[in-house]
Amino acid sequence: MKLIRKRILAEVLEPKPTKGGLILQGANLEKNQAKVLMIGPGVEYVNVGDTVRFDPNVAQPYDHENKKCVFLNEEGDLLVL
């Protein structure tokens with residue numbers, strides 16, 4: 001696969017359980033985070049391996065190699081952590 005323009009493919013990070021084994025959906029600070037897998041040629045501020053926070057309303061879901069991923073635009077769709 002080859003990305004074009006300022007597109008980013010990132011794997012969605014699943015919430016981690018607490019020490020007691022609970023997943024706190026409402027209070028989870030890691031919600032909507034993803035790890036960057038691929039970047040397009042025009043991407044300037046994000047690198048492969050970076051963790052980003054994204055808006056789930058604008059992210060385009062995509063299954064890549066049996067992983068839950070999203071396509072994002074560098075401009076406006078994400079925040080680099």
# chains A, B, ... in the order shown; residues from 1 in each chain; ligands from 1
>>> residues_around(residues="segment 51-67 of chain A", least_positions_apart="3", cutoff="7 Å", atoms="only C-alpha atoms", output="number ranges by chain")
A: 11, 32-36, 70-72, 77-81
>>> write_last_selection(atoms="all heavy atoms", output="compact mmCIF listing (two decimals), in the first residue's frame")
# COMPACT_ATOMS: atom_id res chain seq x y z
N GLU A 11 -2.69 2.63 13.67
CA GLU A 11 -3.37 1.54 14.36
C GLU A 11 -3.97 2.06 15.66
O GLU A 11 -3.28 2.67 16.48
CB GLU A 11 -2.38 0.42 14.68
CG GLU A 11 -3.01 -0.74 15.42
CD GLU A 11 -2.01 -1.81 15.80
OE1 GLU A 11 -0.82 -1.69 15.46
OE2 GLU A 11 -2.45 -2.78 16.45
N ASN A 32 -9.11 7.10 22.00
CA ASN A 32 -8.88 7.66 20.67
C ASN A 32 -7.41 7.96 20.40
O ASN A 32 -7.07 8.97 19.80
CB ASN A 32 -9.73 8.90 20.43
CG ASN A 32 -11.20 8.64 20.59
OD1 ASN A 32 -11.67 7.55 20.25
ND2 ASN A 32 -11.93 9.58 21.12
N GLN A 33 -6.55 7.06 20.83
CA GLN A 33 -5.13 7.18 20.52
C GLN A 33 -4.76 6.11 19.50
O GLN A 33 -5.37 5.04 19.46
CB GLN A 33 -4.26 7.02 21.76
CG GLN A 33 -4.30 8.21 22.68
CD GLN A 33 -3.25 8.10 23.78
OE1 GLN A 33 -2.49 7.16 23.85
NE2 GLN A 33 -3.23 9.09 24.64
N ALA A 34 -3.76 6.41 18.68
CA ALA A 34 -3.32 5.47 17.66
C ALA A 34 -1.82 5.61 17.44
O ALA A 34 -1.25 6.67 17.68
CB ALA A 34 -4.07 5.72 16.36
N LYS A 35 -1.22 4.53 16.97
CA LYS A 35 0.20 4.51 16.65
C LYS A 35 0.35 4.60 15.14
O LYS A 35 -0.27 3.81 14.40
CB LYS A 35 0.85 3.23 17.17
CG LYS A 35 2.32 3.15 16.90
CD LYS A 35 2.90 1.89 17.48
CE LYS A 35 4.39 1.83 17.18
NZ LYS A 35 4.99 0.60 17.69
N VAL A 36 1.15 5.53 14.65
CA VAL A 36 1.32 5.76 13.23
C VAL A 36 2.08 4.60 12.58
O VAL A 36 3.18 4.26 13.00
CB VAL A 36 2.04 7.10 12.97
CG1 VAL A 36 2.29 7.30 11.49
CG2 VAL A 36 1.24 8.26 13.55
N VAL A 70 -7.08 3.48 11.29
CA VAL A 70 -7.81 4.64 10.78
C VAL A 70 -6.93 5.40 9.82
O VAL A 70 -5.70 5.42 9.95
CB VAL A 70 -8.28 5.58 11.92
CG1 VAL A 70 -9.38 4.97 12.74
CG2 VAL A 70 -7.12 6.00 12.80
N PHE A 71 -7.57 6.01 8.82
CA PHE A 71 -6.89 6.96 7.96
C PHE A 71 -7.16 8.35 8.52
O PHE A 71 -8.28 8.69 8.90
CB PHE A 71 -7.44 6.90 6.52
CG PHE A 71 -6.89 5.77 5.72
CD1 PHE A 71 -7.71 4.75 5.30
CD2 PHE A 71 -5.55 5.73 5.37
CE1 PHE A 71 -7.22 3.71 4.54
CE2 PHE A 71 -5.04 4.69 4.61
CZ PHE A 71 -5.88 3.67 4.20
N LEU A 72 -6.11 9.17 8.57
CA LEU A 72 -6.22 10.53 9.09
C LEU A 72 -5.54 11.50 8.13
O LEU A 72 -4.66 11.12 7.37
CB LEU A 72 -5.52 10.63 10.46
CG LEU A 72 -5.99 9.67 11.55
CD1 LEU A 72 -4.99 9.64 12.67
CD2 LEU A 72 -7.34 10.10 12.05
N ASP A 77 -6.96 16.69 11.80
CA ASP A 77 -7.58 15.46 12.31
C ASP A 77 -6.91 14.90 13.55
O ASP A 77 -7.44 14.03 14.19
CB ASP A 77 -7.56 14.36 11.25
CG ASP A 77 -8.56 14.61 10.13
OD1 ASP A 77 -9.28 15.61 10.20
OD2 ASP A 77 -8.61 13.78 9.21
N LEU A 78 -5.72 15.39 13.91
CA LEU A 78 -5.00 14.72 14.99
C LEU A 78 -4.15 15.67 15.81
O LEU A 78 -3.91 16.80 15.44
CB LEU A 78 -4.12 13.60 14.41
CG LEU A 78 -3.10 13.99 13.35
CD1 LEU A 78 -1.79 14.36 13.96
CD2 LEU A 78 -2.94 12.84 12.39
N LEU A 79 -3.71 15.13 16.94
CA LEU A 79 -2.81 15.83 17.86
C LEU A 79 -1.67 14.87 18.17
O LEU A 79 -1.91 13.73 18.59
CB LEU A 79 -3.56 16.19 19.15
CG LEU A 79 -2.75 16.77 20.29
CD1 LEU A 79 -2.23 18.14 19.91
CD2 LEU A 79 -3.59 16.85 21.54
N VAL A 80 -0.44 15.29 17.94
CA VAL A 80 0.72 14.44 18.19
C VAL A 80 1.06 14.51 19.66
O VAL A 80 1.17 15.59 20.23
CB VAL A 80 1.93 14.87 17.33
CG1 VAL A 80 3.12 13.96 17.61
CG2 VAL A 80 1.57 14.85 15.86
N LEU A 81 1.22 13.35 20.31
CA LEU A 81 1.53 13.31 21.74
C LEU A 81 3.02 13.20 21.96
O LEU A 81 3.75 12.69 21.23
CB LEU A 81 0.81 12.14 22.40
CG LEU A 81 -0.70 12.17 22.27
CD1 LEU A 81 -1.31 10.93 22.89
CD2 LEU A 81 -1.27 13.40 22.93
>>> residues_around(residues="Ile8 of chain A", least_positions_apart="6", cutoff="8 Å", atoms="only C-alpha atoms", output="MDAnalysis selection string")
chainID A and resid 36:40 43 71:74
>>> write_last_selection(atoms="N, CA and C atoms", output="PDB file, in the first residue's frame")
ATOM      1  N   VAL A  36       1.146   5.528  14.654  1.00  0.00           N
ATOM      2  CA  VAL A  36       1.316   5.764  13.225  1.00  0.00           C
ATOM      3  C   VAL A  36       2.078   4.603  12.578  1.00  0.00           C
ATOM      4  N   LEU A  37       1.470   3.999  11.536  1.00  0.00           N
ATOM      5  CA  LEU A  37       2.092   2.898  10.809  1.00  0.00           C
ATOM      6  C   LEU A  37       2.716   3.339   9.496  1.00  0.00           C
ATOM      7  N   MET A  38       2.033   4.246   8.782  1.00  0.00           N
ATOM      8  CA  MET A  38       2.507   4.726   7.481  1.00  0.00           C
ATOM      9  C   MET A  38       2.161   6.193   7.328  1.00  0.00           C
ATOM     10  N   ILE A  39       2.983   6.918   6.565  1.00  0.00           N
ATOM     11  CA  ILE A  39       2.697   8.320   6.280  1.00  0.00           C
ATOM     12  C   ILE A  39       2.842   8.568   4.781  1.00  0.00           C
ATOM     13  N   GLY A  40       2.078   9.539   4.284  1.00  0.00           N
ATOM     14  CA  GLY A  40       2.165   9.928   2.888  1.00  0.00           C
ATOM     15  C   GLY A  40       3.326  10.876   2.657  1.00  0.00           C
ATOM     16  N   VAL A  43       3.480  14.571   4.440  1.00  0.00           N
ATOM     17  CA  VAL A  43       3.381  14.705   5.892  1.00  0.00           C
ATOM     18  C   VAL A  43       4.659  15.321   6.449  1.00  0.00           C
ATOM     19  N   PHE A  71      -7.567   6.008   8.825  1.00  0.00           N
ATOM     20  CA  PHE A  71      -6.894   6.962   7.960  1.00  0.00           C
ATOM     21  C   PHE A  71      -7.157   8.354   8.519  1.00  0.00           C
ATOM     22  N   LEU A  72      -6.112   9.172   8.570  1.00  0.00           N
ATOM     23  CA  LEU A  72      -6.218  10.533   9.089  1.00  0.00           C
ATOM     24  C   LEU A  72      -5.543  11.501   8.134  1.00  0.00           C
ATOM     25  N   ASN A  73      -5.951  12.752   8.195  1.00  0.00           N
ATOM     26  CA  ASN A  73      -5.248  13.838   7.513  1.00  0.00           C
ATOM     27  C   ASN A  73      -4.346  14.507   8.528  1.00  0.00           C
ATOM     28  N   GLU A  74      -3.162  14.899   8.100  1.00  0.00           N
ATOM     29  CA  GLU A  74      -2.249  15.556   9.043  1.00  0.00           C
ATOM     30  C   GLU A  74      -2.824  16.887   9.532  1.00  0.00           C
TER      31      GLU A  74
END
>>> atom_distance(atom1="atom CA of Tyr45 of chain A", atom2="atom CA of Ile4 of chain A")
15.6 Å
>>> select_by_dssp(residues="chain A", states="strand (DSSP E or B)", output="number ranges by chain")
A: 7-12, 33-39, 51-54, 60-64, 67-73, 78-80
>>> closest_residue(among="A:Val46, A:Cys69, A:Pro41, A:Lys31", to="Leu9 of chain A", atoms="only C-alpha atoms")
A:Cys69
